[in-house]
Amino acid sequence: MKAKKIIAAACGVCMLFTVAACGGRGGETGGGGTTPTDTQTYSSYEQYTGGTHIYNYTETGRYIVSGGTSEYTIVYPAGVSGDIVTATTELSNWIENATGVDIGITTDEGLSYTSSSKYISLGDTAVAAAAQVALDEDVDVGFSGFQIKTKGESVFVLGETGSGVLFGTYELLYRLIGFVTYSGDEIYYESKTQVPLYDFDITDIPDFEYRVTAYGLSTYNAALANRLRYNQQEDVWIPVDGYNWHNTFKYLPPDDYKEAHPLWYDNADNPQQLCFIAHGDTKEADALYKTLLTELIGYLDQYPERNNITITQEDVNVWCECAECNAQQEKYGTDAATIVQFCNRISDGVKAHYAELGQTRDINICFFAYHKTESAPVTLVDGEYVPVDDSVICRDNVVVFYAPIFADYSHSFYDTENQIYAETLDAWRVLSDRLYLWIYSTNFSYYFYPYNSFNSMQGNYWFALNHGGSYMFDQGQWNNYNSTGWGTLKTYLNSRLQWDSSLNMNDLIDDFFDVYFKDAAEPMKELFSMYRAHFSHMENDLGAGGGIGGRFYTSEYWPLGTLDSFLAKIDEAYAAIAPLQVSDPQLYSDLYDRICLESLAYRWMKIINYPSRFTNTALVAEQEAFKADCERLNVNKDAESSDATNLWATWGIS
């Protein structure tokens with residue numbers, strides 16, 4: 001990758017850090033705060049209750065790199081693979097990019113430690129053990145957090161997992177050379193002749209233990225996901241026959257079991273869901289439980305390093321309507337009770353299995369609160385939610401995975417438009433100490449539509465944190481290699497705010513535009529402001545909702561004059577970078593493509609809403625140019641379930 005050096009985009013590493021960090025990494029405040037930002041409009045707000053973000057370090061007067069050389073060596077534990085090995089190469093490569101100095105890498109085999117040793121130790125190395133440097137006993141850094149410490153002349157990056165060590169390495173790079181990732185092709189670092197050795201005492205634990213990448217540009221680019229401190233699905237989940245979601249039929253395929261066990265399914269002739277209570281037949285319910293438990297333990301044994309697995313219903317909004325399930329629905333007020341009870345039983349079975357083996361295995365068993373199971377089995381008593389009975393209180397390792405698919409994501413859960421979903425989250429909180437959140441940030445029926453979730457993003461993260469959220473999946477265009485409608489900005493903001501939701505979102509946005517669009521930053525900022533203002537107009541004056549499948553791209557909501565004004569701003573951005581064609585052709589090409597990507601949303605709406613405003617020849621030319629730009633920019637989908645080639649077919653072009 002060719003690194004980009006944007007000297008004006010971020011300030012240098014500050015000379016003294018104590019708790020708060022330098023403002024050069026856009027919006028960083030080091031934690032704290034009482035409200036999100038003025039980009040949100042809340043009916044109420046809560047105190048920030050996120051992770052731990054403590055950045056203490058001072059200069060020592062000594063250097064890791066100086067005078068074109070370094071005496072330091074990067075050390076990692078012998079025999080490890082994966083994230084820690086990635087961390088060693090990332091640390092070495094980016095320091096070399098910044099300084100021209102190649103810092104060597106070695107395992108910890110045969111190494112000793114003294115106060116004058118010059119190591120950068122990554123993970124649980126023999127060097128760290130000899131130096132008696134370890135994670136603080138009273139600090140739980142979790143899956144993704146880390147600590148960075150200095151002892152003597154050496155620096156130690158520590159985490160419970162390889163992911164934590166990798167993310168700590170990126171933090172170290174930020175402190176040493178100002179390393180910040182904005183996109184796959186926009187990475188900032190400072191060119192330096194000297195890299196100071198700091199006396200580090202950093203503890204950084206993200207607000208959400210798991211932050212899973214949700215846009216294709218990082219889903220399909222592991223290096224970018226790492227640098228943005230995202231988890232990939234495979235970092236977190238134990239797959240069931242390759243599936244993390246909607247996998248009950250992967251455990252118990254109807255083709256394999258329905259003939260012998262028709263009561264396991266809602267309807268054996270046309271199965272759509274499992275019946276977790278086997279139509280009230282105790283013997284069959286026991287057989288279902290034992291069979292699924294055996295299958296689940298088999299998957300657990302395949303992935304001993306992971307600790308999250310799901311039992312999640314099929315992706316259809318139906319549930320078993322046998323007499324017993326209907327009785328349960330009437331008793332508990334929701335279809336969710338049967339799956340909660342079943343997962344509790346599975347939890348007991350898993351614990352008993354490993355206890356018999358003399359092993360301890362911490363496994364999170366997750367079920368969806370989604371569609372028919374969205375509502376919690378609680379009741380109101382004196383204005384407070386209480387469980388209907390003890391059987392629906394989740395075991396300590398049974399986790400509610402809340403996915404409110406029908407919410408309005410132009411608003412946060414603090415707003416009245418989403419009151420029912422906020423109350424549902426409150427209700428589930430009574431039953432489980434931990435919640436996983438699956439929320440949404442795109443129009444899944446129309447990927448070219450520039451869905452506005454910016455007003456809800458930070459507020460939803462705050463709400464989730466204040467309700468026990470430890471996993472965040474803010475689903476966007478996950479299967480689109482590249483996305484118009486500010487998808488790159490969303491990916492960046494998601495990564496920063498899911499790590500530390502107290503950051504100033506306006507500052508993050510300004511910093512992103514300055515770095516990512518450079519000479520075109522001002523017209524692109526103006527375009528973004530126009531975009532958000534127009535969505536406010538659509539909502540307040542035209543009655544447009546914020547659902548994730550609405551047809552709000554039509555001429556009723558997007559007059560031709562509006563689209564032309566947006567495209568005129570795109571032309572201003574092109575004009576702003578025009579001098580670079582001569583002075584820096586590669587930068588011009590990069591910026592042209594970034595601007596062009598954001599033009600696609602408005603060009604698409606103009607083509608489909610106003611074809612009669614073009615001559616036949618001009619319309620075909622416009623369609624072909626649009627297609628060529630999509631192919632060059634790697635935009636491969638026009639909806640979640642539709643390839644862009646289907647759009648070209650409707651236009652009659654190939």
# chains A, B, ... in the order shown; residues from 1 in each chain; ligands from 1

$ select_by_dssp --residues "segment 432-641 of chain A" --states "alpha helix (DSSP H)" --output "VMD selection string"
chain A and resid 457 to 465 487 to 499 505 to 516 521 to 542 560 to 577 580 to 583 585 to 609 616 to 633

$ residues_around --residues "segment 84-101 of chain A" --least-positions-apart "6" --cutoff "9 Å" --atoms "only C-alpha atoms" --output "PyMOL selection string"
chain A and resi 3+65-66+68-70+74-77+122-123+161-163+165-170+172-173+176-177+179+189-195

$ closest_residue --among "A:Gly546, A:Leu292, A:Ser483, A:Leu263" --to "Asn418 of chain A" --atoms "only C-alpha atoms"
A:Gly546

$ select_by_dssp --residues "segment 96-199 of chain A" --states "strand (DSSP E or B)" --output "PyMOL selection string"
chain A and resi 104-107+119-122+146-151+154-158+180-183+186-188+195-199

$ residues_around --residues "Ile346 of chain A" --least-positions-apart "6" --cutoff "12 Å" --atoms "only C-alpha atoms" --output "ChimeraX atom specification"
/A:276,286,288-297,309-311,339-340,352-353,363-367,394-395,397-398

$ atom_distance --atom1 "atom CA of Lys606 of chain A" --atom2 "atom CA of Tyr574 of chain A"
19.2 Å

$ residues_around --residues "Ser112 of chain A" --least-positions-apart "6" --cutoff "10 Å" --atoms "only C-alpha atoms" --output "list in words"
Ala126, Val127, Ala128, Ala129, Ala130 and Ala131 of chain A
